[in-house]
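Structure below is start02.cif: mmCIF, C-alpha atoms.
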```cif
data_run
#
loop_
_atom_site.label_atom_id
_atom_site.label_comp_id
_atom_site.auth_asym_id
_atom_site.auth_seq_id
_atom_site.Cartn_x
_atom_site.Cartn_y
_atom_site.Cartn_z
CA ALA A 1 4.45 -13.55 -29.44
CA PRO A 2 2.26 -14.96 -32.22
CA SER A 3 2.35 -13.11 -35.54
CA ARG A 4 -0.66 -11.07 -36.61
CA PRO A 5 -2.68 -11.32 -39.79
CA SER A 6 -1.42 -9.23 -42.72
CA LEU A 7 -2.25 -5.53 -42.77
CA SER A 8 -5.43 -5.90 -44.80
CA SER A 9 -8.54 -3.77 -44.88
CA ARG A 10 -12.14 -4.71 -44.20
CA PRO A 11 -15.63 -3.23 -44.87
CA ARG A 12 -16.25 -0.20 -42.72
CA PRO A 13 -19.45 0.21 -40.72
CA ARG A 14 -21.10 3.57 -40.37
CA VAL A 15 -20.48 5.38 -37.08
CA VAL A 16 -23.58 6.02 -35.03
CA ALA A 17 -23.52 9.34 -33.18
CA PRO A 18 -23.45 9.09 -29.38
CA PRO A 19 -27.05 8.93 -28.13
CA ALA A 20 -28.40 11.57 -25.76
CA ALA A 21 -28.66 8.91 -23.05
CA CYS A 22 -24.97 8.05 -23.36
CA PRO A 23 -23.52 7.98 -19.81
CA SER A 24 -21.37 10.95 -18.85
CA MET A 25 -17.65 10.42 -18.34
CA THR A 26 -17.25 13.50 -16.17
CA SER A 27 -17.05 13.72 -12.40
CA THR A 28 -18.34 16.70 -9.97
CA ALA A 29 25.31 8.59 -25.32
CA PRO A 30 23.12 11.38 -26.08
CA SER A 31 23.67 15.08 -26.17
CA THR A 32 23.76 16.32 -22.56
CA ARG A 33 21.18 19.00 -21.77
CA THR A 34 21.13 21.27 -18.76
CA ALA A 35 19.11 20.35 -15.71
CA SER A 36 17.23 23.65 -16.00
CA SER A 37 15.27 22.23 -18.94
CA ALA A 38 13.29 20.13 -16.47
CA SER A 39 11.69 23.24 -15.01
CA ALA A 40 9.96 24.30 -18.22
CA PRO A 41 6.86 22.09 -18.64
CA ALA A 42 4.48 25.04 -18.40
CA ALA A 43 6.30 27.07 -21.08
CA ARG A 44 4.23 25.54 -23.88
CA ALA A 45 1.33 23.19 -24.40
CA PRO A 46 2.51 19.61 -25.04
CA HIS A 47 1.87 18.44 -28.60
CA PHE A 48 -0.53 15.70 -27.48
CA GLY A 49 -1.96 17.74 -24.60
CA ARG A 50 -1.92 17.09 -20.86
CA VAL A 51 -4.39 14.20 -20.54
CA VAL A 52 -4.09 11.36 -23.03
CA THR A 53 -6.62 8.58 -22.48
CA ALA A 54 -5.57 5.03 -23.30
CA MET A 55 -9.02 3.95 -24.46
CA VAL A 56 -10.54 0.51 -23.92
CA THR A 57 -11.77 -1.46 -26.90
CA PRO A 58 -15.46 -2.42 -26.58
CA PHE A 59 -16.57 -5.91 -27.57
CA LYS A 60 -20.01 -7.39 -28.15
CA SER A 61 -21.22 -10.46 -26.28
CA THR A 62 -20.24 -12.48 -29.35
CA GLY A 63 -16.64 -11.30 -29.02
CA GLU A 64 -16.81 -9.07 -32.08
CA LEU A 65 -15.46 -5.55 -31.82
CA ASP A 66 -18.26 -3.09 -31.08
CA TYR A 67 -17.47 -0.14 -33.34
CA ASN A 68 -20.66 1.75 -32.44
CA THR A 69 -19.80 1.83 -28.74
CA ALA A 70 -16.17 2.66 -29.55
CA GLY A 71 -17.30 5.76 -31.42
CA GLN A 72 -19.66 6.80 -28.64
CA LEU A 73 -17.01 6.30 -25.97
CA ALA A 74 -14.41 8.26 -27.94
CA ALA A 75 -16.81 11.17 -28.42
CA SER A 76 -17.65 11.18 -24.70
CA LEU A 77 -13.99 11.13 -23.69
CA ALA A 78 -13.24 13.97 -26.09
CA GLY A 79 -15.83 16.03 -24.24
CA SER A 80 -14.65 15.19 -20.74
CA GLY A 81 -11.01 16.10 -20.39
CA SER A 82 -9.14 14.01 -22.96
CA ASP A 83 -6.75 15.99 -25.16
CA ALA A 84 -5.84 12.84 -27.09
CA LEU A 85 -6.81 9.18 -27.27
CA VAL A 86 -4.48 6.22 -27.63
CA ILE A 87 -6.33 3.63 -29.68
CA ALA A 88 -5.27 -0.04 -29.70
CA GLY A 89 -2.71 0.31 -26.95
CA THR A 90 -2.30 -1.89 -23.89
CA THR A 91 -5.63 -0.76 -22.44
CA GLY A 92 -7.19 -1.35 -25.86
CA GLU A 93 -6.15 -5.03 -25.77
CA THR A 94 -4.02 -4.68 -28.87
CA PRO A 95 -2.47 -8.19 -28.59
CA THR A 96 -5.91 -9.68 -29.32
CA LEU A 97 -6.87 -7.36 -32.19
CA THR A 98 -6.22 -8.12 -35.84
CA TRP A 99 -4.68 -5.37 -37.94
CA ALA A 100 -7.90 -5.18 -39.95
CA GLU A 101 -9.84 -4.52 -36.73
CA GLN A 102 -7.34 -1.86 -35.75
CA TRP A 103 -7.62 0.01 -39.05
CA GLU A 104 -11.38 0.05 -38.80
CA LEU A 105 -11.21 1.14 -35.15
CA PHE A 106 -8.88 4.02 -36.03
CA LYS A 107 -11.29 5.22 -38.71
CA VAL A 108 -14.35 4.96 -36.47
CA VAL A 109 -12.71 6.88 -33.63
CA LYS A 110 -11.25 9.49 -35.97
CA ASP A 111 -14.73 10.12 -37.38
CA ALA A 112 -16.27 10.20 -33.89
CA VAL A 113 -14.03 13.03 -32.65
CA ALA A 114 -14.06 15.02 -35.89
CA GLY A 115 -14.74 18.65 -35.15
CA THR A 116 -13.07 18.49 -31.73
CA SER A 117 -9.46 19.26 -30.81
CA THR A 118 -8.88 15.70 -29.54
CA LYS A 119 -6.01 13.94 -31.28
CA ILE A 120 -5.82 10.27 -32.22
CA ILE A 121 -2.66 8.30 -31.48
CA ALA A 122 -2.49 4.90 -33.14
CA GLY A 123 -1.00 1.95 -31.34
CA ALA A 124 1.32 0.96 -34.17
CA GLY A 125 4.13 -0.72 -32.27
CA SER A 126 5.47 -4.20 -32.87
CA ASN A 127 8.48 -6.34 -32.02
CA SER A 128 9.01 -6.57 -35.78
CA THR A 129 10.56 -3.35 -37.10
CA ASN A 130 9.18 -3.90 -40.60
CA GLU A 131 5.67 -4.48 -39.27
CA ALA A 132 5.84 -1.34 -37.12
CA ILE A 133 6.99 0.67 -40.14
CA GLU A 134 4.14 -0.66 -42.26
CA ALA A 135 1.61 0.16 -39.52
CA THR A 136 3.07 3.65 -39.11
CA ARG A 137 2.82 4.32 -42.82
CA ARG A 138 -0.81 3.22 -42.75
CA ALA A 139 -1.50 5.57 -39.80
CA GLN A 140 0.01 8.45 -41.76
CA LYS A 141 -2.14 7.69 -44.81
CA MET A 142 -5.22 7.62 -42.59
CA GLY A 143 -4.49 11.12 -41.34
CA LEU A 144 -3.99 10.15 -37.70
CA ASP A 145 -2.15 12.50 -35.36
CA GLY A 146 0.66 10.24 -34.18
CA THR A 147 1.70 6.75 -33.19
CA LEU A 148 2.56 5.02 -29.95
CA GLN A 149 5.61 2.77 -30.31
CA VAL A 150 6.21 0.23 -27.58
CA VAL A 151 9.63 -1.18 -26.72
CA PRO A 152 10.03 -4.44 -28.69
CA TYR A 153 8.70 -7.26 -26.54
CA TYR A 154 9.77 -10.89 -26.25
CA ASN A 155 12.86 -10.71 -28.49
CA LYS A 156 14.78 -8.47 -26.03
CA PRO A 157 16.98 -6.46 -28.39
CA PRO A 158 20.32 -4.99 -27.28
CA MET A 159 20.31 -1.24 -26.66
CA GLU A 160 21.69 -0.45 -30.12
CA GLY A 161 19.01 -2.62 -31.71
CA MET A 162 16.36 -0.81 -29.69
CA TYR A 163 17.69 2.57 -30.88
CA LEU A 164 17.84 1.44 -34.51
CA HIS A 165 14.31 -0.01 -34.30
CA PHE A 166 12.74 3.30 -33.27
CA LYS A 167 15.03 5.33 -35.55
CA ALA A 168 13.93 3.29 -38.57
CA ILE A 169 10.25 3.81 -37.73
CA ALA A 170 10.75 7.55 -37.22
CA ASP A 171 12.68 7.89 -40.49
CA ALA A 172 10.01 5.97 -42.42
CA GLU A 173 7.41 8.70 -41.72
CA PRO A 174 9.37 11.76 -40.58
CA ASP A 175 6.29 14.03 -40.54
CA LEU A 176 4.25 11.83 -38.20
CA PRO A 177 4.81 12.50 -34.47
CA MET A 178 5.86 9.50 -32.40
CA MET A 179 5.44 8.73 -28.71
CA LEU A 180 7.80 6.12 -27.26
CA TYR A 181 6.38 3.67 -24.73
CA ASN A 182 8.50 2.10 -22.02
CA ILE A 183 6.74 -0.56 -19.96
CA PRO A 184 9.28 -3.20 -18.90
CA GLY A 185 6.75 -5.07 -16.80
CA ARG A 186 5.02 -6.11 -20.04
CA THR A 187 7.87 -6.14 -22.56
CA GLY A 188 10.51 -7.85 -20.45
CA ILE A 189 13.12 -5.17 -21.18
CA ASN A 190 13.70 -1.60 -20.06
CA MET A 191 14.56 1.33 -22.34
CA PRO A 192 17.16 3.42 -20.49
CA ALA A 193 17.40 7.20 -20.56
CA SER A 194 20.45 7.02 -22.82
CA VAL A 195 18.46 5.47 -25.68
CA VAL A 196 15.62 7.97 -25.27
CA GLY A 197 18.10 10.83 -25.30
CA ARG A 198 19.66 9.66 -28.56
CA LEU A 199 16.28 9.32 -30.26
CA ALA A 200 15.15 12.75 -29.07
CA ALA A 201 18.38 14.29 -30.36
CA ASP A 202 18.63 12.40 -33.66
CA THR A 203 15.05 12.72 -34.93
CA ASN A 204 12.54 15.51 -35.35
CA ASN A 205 9.39 13.46 -34.88
CA VAL A 206 10.17 11.43 -31.74
CA ILE A 207 8.59 14.09 -29.55
CA ALA A 208 7.17 12.30 -26.51
CA MET A 209 7.42 9.28 -24.26
CA LYS A 210 5.07 7.37 -22.02
CA GLU A 211 7.27 6.29 -19.13
CA ALA A 212 5.54 3.39 -17.38
CA SER A 213 8.50 1.78 -15.67
CA GLY A 214 7.48 3.26 -12.32
CA ASP A 215 11.12 4.28 -11.81
CA VAL A 216 11.17 7.91 -10.70
CA ASP A 217 14.96 8.15 -10.91
CA GLN A 218 14.88 6.99 -14.52
CA PHE A 219 12.19 9.56 -15.30
CA ILE A 220 14.40 12.29 -13.84
CA GLU A 221 17.46 11.05 -15.74
CA THR A 222 15.47 11.11 -18.98
CA ARG A 223 14.21 14.61 -18.26
CA LEU A 224 17.75 15.84 -17.57
CA ILE A 225 19.09 14.75 -20.97
CA THR A 226 16.11 15.75 -23.12
CA ASP A 227 14.90 19.23 -23.97
CA ALA A 228 11.58 19.97 -22.28
CA ALA A 229 10.90 22.59 -24.95
CA LYS A 230 10.85 19.87 -27.62
CA PHE A 231 10.31 16.52 -25.92
CA ASP A 232 7.35 15.68 -23.66
CA LEU A 233 7.61 13.08 -20.91
CA TYR A 234 4.31 11.58 -19.78
CA ALA A 235 3.55 9.60 -16.67
CA GLY A 236 2.41 6.10 -17.55
CA ASP A 237 0.74 5.55 -14.18
CA ASP A 238 -2.11 7.73 -12.90
CA SER A 239 -0.87 7.48 -9.34
CA LEU A 240 2.47 9.07 -10.30
CA THR A 241 1.16 11.97 -12.37
CA LEU A 242 1.23 14.62 -9.68
CA PRO A 243 4.54 13.53 -8.09
CA LEU A 244 6.22 13.53 -11.52
CA MET A 245 4.89 16.99 -12.36
CA ALA A 246 7.48 18.28 -9.89
CA VAL A 247 10.30 16.96 -12.09
CA GLY A 248 9.10 18.04 -15.51
CA CYS A 249 6.23 15.72 -16.39
CA ALA A 250 4.10 17.05 -19.27
CA GLY A 251 0.96 15.09 -18.37
CA VAL A 252 -0.33 11.54 -18.22
CA VAL A 253 -1.32 8.70 -20.50
CA SER A 254 -4.25 7.80 -18.32
CA VAL A 255 -6.68 4.99 -17.63
CA ALA A 256 -8.53 6.76 -14.82
CA SER A 257 -9.52 9.51 -17.28
CA HIS A 258 -12.26 7.15 -18.47
CA PHE A 259 -13.94 8.16 -15.22
CA VAL A 260 -12.44 11.47 -14.02
CA GLY A 261 -10.76 13.10 -17.01
CA ASP A 262 -11.90 16.60 -16.12
CA GLU A 263 -10.60 16.20 -12.57
CA ILE A 264 -7.18 15.07 -13.81
CA GLN A 265 -7.06 18.06 -16.14
CA LYS A 266 -7.94 20.32 -13.23
CA MET A 267 -5.27 18.75 -11.02
CA ILE A 268 -2.55 19.34 -13.62
CA LYS A 269 -3.64 22.91 -14.30
CA LEU A 270 -3.70 23.72 -10.60
CA PHE A 271 -0.18 22.39 -10.16
CA LEU A 272 1.11 24.39 -13.13
CA ALA A 273 -0.56 27.49 -11.71
CA GLY A 274 1.32 27.00 -8.43
CA GLU A 275 -1.73 25.84 -6.47
CA VAL A 276 -0.02 22.71 -5.22
CA ASP A 277 -2.21 22.11 -2.18
CA ALA A 278 -5.38 22.18 -4.29
CA ALA A 279 -3.79 19.84 -6.83
CA ARG A 280 -2.79 17.47 -4.04
CA GLU A 281 -6.35 17.36 -2.73
CA ILE A 282 -7.58 16.12 -6.12
CA HIS A 283 -4.79 13.54 -6.27
CA MET A 284 -5.57 12.21 -2.80
CA LYS A 285 -9.30 12.14 -3.48
CA HIS A 286 -8.81 9.89 -6.52
CA TYR A 287 -5.80 7.88 -5.36
CA SER A 288 -7.91 4.81 -4.55
CA LEU A 289 -9.28 4.88 -8.10
CA PHE A 290 -5.79 5.28 -9.59
CA LYS A 291 -4.62 2.17 -7.74
CA GLY A 292 -7.85 0.18 -7.87
CA LEU A 293 -7.91 0.12 -11.66
CA PHE A 294 -4.75 -2.01 -11.53
CA LEU A 295 -5.81 -4.56 -8.92
CA GLN A 296 -5.95 -6.97 -11.85
CA ALA A 297 -4.39 -6.79 -15.27
CA ASN A 298 -5.44 -3.67 -17.13
CA PRO A 299 -8.09 -3.24 -18.57
CA ILE A 300 -10.05 -5.84 -16.58
CA PRO A 301 -11.05 -3.50 -13.68
CA THR A 302 -11.55 -0.53 -16.03
CA LYS A 303 -14.03 -2.40 -18.18
CA ALA A 304 -15.84 -3.59 -15.07
CA GLY A 305 -16.15 -0.01 -13.84
CA LEU A 306 -17.38 1.24 -17.21
CA ARG A 307 -20.05 -1.47 -17.29
CA MET A 308 -21.20 -0.35 -13.83
CA MET A 309 -21.62 3.14 -15.25
CA GLY A 310 -23.78 1.88 -18.11
CA TRP A 311 -21.22 1.53 -20.87
CA ARG A 312 -21.65 -1.62 -22.96
CA VAL A 313 -17.94 -2.26 -23.38
CA GLY A 314 -18.26 -6.01 -22.92
CA SER A 315 -15.69 -8.34 -21.44
CA CYS A 316 -12.04 -8.70 -22.31
CA ARG A 317 -10.89 -11.15 -24.93
CA LEU A 318 -9.01 -14.21 -23.79
CA PRO A 319 -6.53 -14.75 -22.31
CA LEU A 320 -7.84 -11.88 -20.13
CA THR A 321 -10.95 -12.63 -18.12
CA ASP A 322 -13.63 -10.77 -16.17
CA CYS A 323 -12.94 -9.24 -12.75
CA ASP A 324 -12.62 -11.40 -9.69
CA PRO A 325 -15.69 -10.77 -7.49
CA GLU A 326 -13.57 -9.19 -4.75
CA VAL A 327 -11.94 -6.77 -7.20
CA GLU A 328 -15.29 -5.94 -8.77
CA ASN A 329 -16.74 -5.11 -5.34
CA THR A 330 -13.76 -2.87 -4.63
CA ILE A 331 -14.21 -0.99 -7.91
CA ARG A 332 -17.91 -0.56 -7.21
CA ARG A 333 -17.16 0.84 -3.75
CA ILE A 334 -14.54 3.27 -5.10
CA LEU A 335 -16.86 4.56 -7.84
CA SER A 336 -19.70 4.87 -5.36
CA ASP A 337 -17.52 6.80 -2.90
CA LEU A 338 -16.59 9.20 -5.71
CA LYS A 339 -20.31 9.55 -6.57
CA LEU A 340 -19.75 8.18 -10.06
CA LEU A 341 -22.54 5.58 -9.74
#
```
Output the file's structure in the form of structure tokens.
Amino acid sequence: APSRPSLSSRPRPRVVAPPAACPSMTSTAPSTRTASSASAPAARAPHFGRVVTAMVTPFKSTGELDYNTAGQLAASLAGSGSDALVIAGTTGETPTLTWAEQWELFKVVKDAVAGTSTKIIAGAGSNSTNEAIEATRRAQKMGLDGTLQVVPYYNKPPMEGMYLHFKAIADAEPDLPMMLYNIPGRTGINMPASVVGRLAADTNNVIAMKEASGDVDQFIETRLITDAAKFDLYAGDDSLTLPLMAVGCAGVVSVASHFVGDEIQKMIKLFLAGEVDAAREIHMKHYSLFKGLFLQANPIPTKAGLRMMGWRVGSCRLPLTDCDPEVENTIRRILSDLKLL
């Protein structure tokens, strides 16, 4: 992967408050733990909440980052079901952002949600340990609420190197909460439960994980060897949120919450309250949306859907492109069926 520009700062534009006409986002060898820990997700509120939205990054027609729209979108999401926002993650097109753009984006979003309970998680991961440490230190200085740390991509470290990578980042800023991010389809390497278990046991600030491997057995194995009272496991796929709640899932790092955040919150709360049938109805109602948003590489369909709803999020930066016409028609039909258009 190409190296990024140095971690430099840039002039900071003033955030414009969301206008009244802003479109609504709402819809009508580790330590072995006992298996019983997996049954305790409702015992406490997860540190980052139940619904964490992986927010898109808006761009202008010129390709420049649109900070105004980013602030408006963040404020809207904070008011429609999002307990936390991941900024400059996969959905935020982080591979095409400079570090200077990311720092400014973090500041704009932090200002936009000030006064709410919504937390900001900075995408600070890298396949360079030193770069990830530097980004994490910057996030701490900015007063952000945590970082998302992806499994090192491209260089495919051995398991011990993977452990030492995350341990070094955690030790560099021991007071800043960290969420691990396993997504082998993008990184080319899987982080097994054994590595997660060691990190959860050996650090105080590695407190959560976004598990986006799609491997339910691995999710269960990770839950079995981590303490649900201290370590939160999040679904990394909207379509698996409800199924994984049955085996100790704390919530979801969601893309669909751009559109139905309140509904996802309701679904999770119903399940935790024992109203499984009602939770399943919400899941089934939105299943086509959960899957449709990944008919092309994320966030291509998500941005298309947001534009249909009136959000000026722009296109994706190359090498991502706009939606294929067939996919765009499918997204339009799904949103229309859900009465979101």
Next item on the list: Work out how far CA of Ala88 (chain A) is from CA of Glu326 (chain A), in Å to one decimal.
Entry: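 Taking CA of Glu326 (chain A) and CA of Ala88 (chain A), their separation equals 27.8 Å.
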To test your reading of the syntax: which residues would the PyMOL selection byres ((chain A and resi 118-134) around 6) return for the file shown? Reply as a PyMOL selection string.
chain A and resi 78+83-89+116-117+135-137+144-150+152-153+165+169
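Put simply, CA of Arg312 (chain A) is 8.9 Å away from CA of Asp66 (chain A).
For the atom pair formed by CA of Ile334 (chain A) and CA of Ser82 (chain A), the distance is 21.5 Å, given to one decimal.
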- How would you write, as a PyMOL selection string, the residues chosen by the PyMOL selection byres ((chain A and resi 298) around 12) on this structure? chain A and resi 54-57+89-94+186+237+254-256+290-297+299-305+316+320-323
Step by step: start from the point (6.2, 1.3, -16.9) in the file's coordinates, keep every protein, DNA or RNA residue that has an atom no farther than 10 Å from it, count only C-alpha atoms, and write the set as a PDB file with C-alpha atoms, keeping the file's coordinate frame.
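Written out: selection23.pdb:
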```pdb
ATOM      1  CA  TYR A 181       6.380   3.670 -24.730  1.00  0.00           C
ATOM      2  CA  ASN A 182       8.500   2.100 -22.020  1.00  0.00           C
ATOM      3  CA  ILE A 183       6.740  -0.560 -19.960  1.00  0.00           C
ATOM      4  CA  PRO A 184       9.280  -3.200 -18.900  1.00  0.00           C
ATOM      5  CA  GLY A 185       6.750  -5.070 -16.800  1.00  0.00           C
ATOM      6  CA  ARG A 186       5.020  -6.110 -20.040  1.00  0.00           C
ATOM      7  CA  THR A 187       7.870  -6.140 -22.560  1.00  0.00           C
ATOM      8  CA  ASN A 190      13.700  -1.600 -20.060  1.00  0.00           C
ATOM      9  CA  MET A 191      14.560   1.330 -22.340  1.00  0.00           C
ATOM     10  CA  LYS A 210       5.070   7.370 -22.020  1.00  0.00           C
ATOM     11  CA  GLU A 211       7.270   6.290 -19.130  1.00  0.00           C
ATOM     12  CA  ALA A 212       5.540   3.390 -17.380  1.00  0.00           C
ATOM     13  CA  SER A 213       8.500   1.780 -15.670  1.00  0.00           C
ATOM     14  CA  GLY A 214       7.480   3.260 -12.320  1.00  0.00           C
ATOM     15  CA  ASP A 215      11.120   4.280 -11.810  1.00  0.00           C
ATOM     16  CA  ALA A 235       3.550   9.600 -16.670  1.00  0.00           C
ATOM     17  CA  GLY A 236       2.410   6.100 -17.550  1.00  0.00           C
ATOM     18  CA  ASP A 237       0.740   5.550 -14.180  1.00  0.00           C
TER      19      ASP A 237
END
```
If the PyMOL selection byres ((chain A and resi 261-276) around 10) were run on this exact file, what residues would it hold? Put them as a ChimeraX atom specification.
/A:25-28,41-43,49-53,77-83,238,241-242,245-246,249-252,254-260,277-283,286
Using the selection just defined, write its residues with C-alpha atoms as a compact mmCIF listing (two decimals), in the coordinates of the input.
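Result file out-v5.txt:
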```
# COMPACT_ATOMS: atom_id res chain seq x y z
CA MET A 25 -17.65 10.42 -18.34
CA THR A 26 -17.25 13.50 -16.17
CA SER A 27 -17.05 13.72 -12.40
CA THR A 28 -18.34 16.70 -9.97
CA PRO A 41 6.86 22.09 -18.64
CA ALA A 42 4.48 25.04 -18.40
CA ALA A 43 6.30 27.07 -21.08
CA GLY A 49 -1.96 17.74 -24.60
CA ARG A 50 -1.92 17.09 -20.86
CA VAL A 51 -4.39 14.20 -20.54
CA VAL A 52 -4.09 11.36 -23.03
CA THR A 53 -6.62 8.58 -22.48
CA LEU A 77 -13.99 11.13 -23.69
CA ALA A 78 -13.24 13.97 -26.09
CA GLY A 79 -15.83 16.03 -24.24
CA SER A 80 -14.65 15.19 -20.74
CA GLY A 81 -11.01 16.10 -20.39
CA SER A 82 -9.14 14.01 -22.96
CA ASP A 83 -6.75 15.99 -25.16
CA ASP A 238 -2.11 7.73 -12.90
CA THR A 241 1.16 11.97 -12.37
CA LEU A 242 1.23 14.62 -9.68
CA MET A 245 4.89 16.99 -12.36
CA ALA A 246 7.48 18.28 -9.89
CA CYS A 249 6.23 15.72 -16.39
CA ALA A 250 4.10 17.05 -19.27
CA GLY A 251 0.96 15.09 -18.37
CA VAL A 252 -0.33 11.54 -18.22
CA SER A 254 -4.25 7.80 -18.32
CA VAL A 255 -6.68 4.99 -17.63
CA ALA A 256 -8.53 6.76 -14.82
CA SER A 257 -9.52 9.51 -17.28
CA HIS A 258 -12.26 7.15 -18.47
CA PHE A 259 -13.94 8.16 -15.22
CA VAL A 260 -12.44 11.47 -14.02
CA ASP A 277 -2.21 22.11 -2.18
CA ALA A 278 -5.38 22.18 -4.29
CA ALA A 279 -3.79 19.84 -6.83
CA ARG A 280 -2.79 17.47 -4.04
CA GLU A 281 -6.35 17.36 -2.73
CA ILE A 282 -7.58 16.12 -6.12
CA HIS A 283 -4.79 13.54 -6.27
CA HIS A 286 -8.81 9.89 -6.52
```
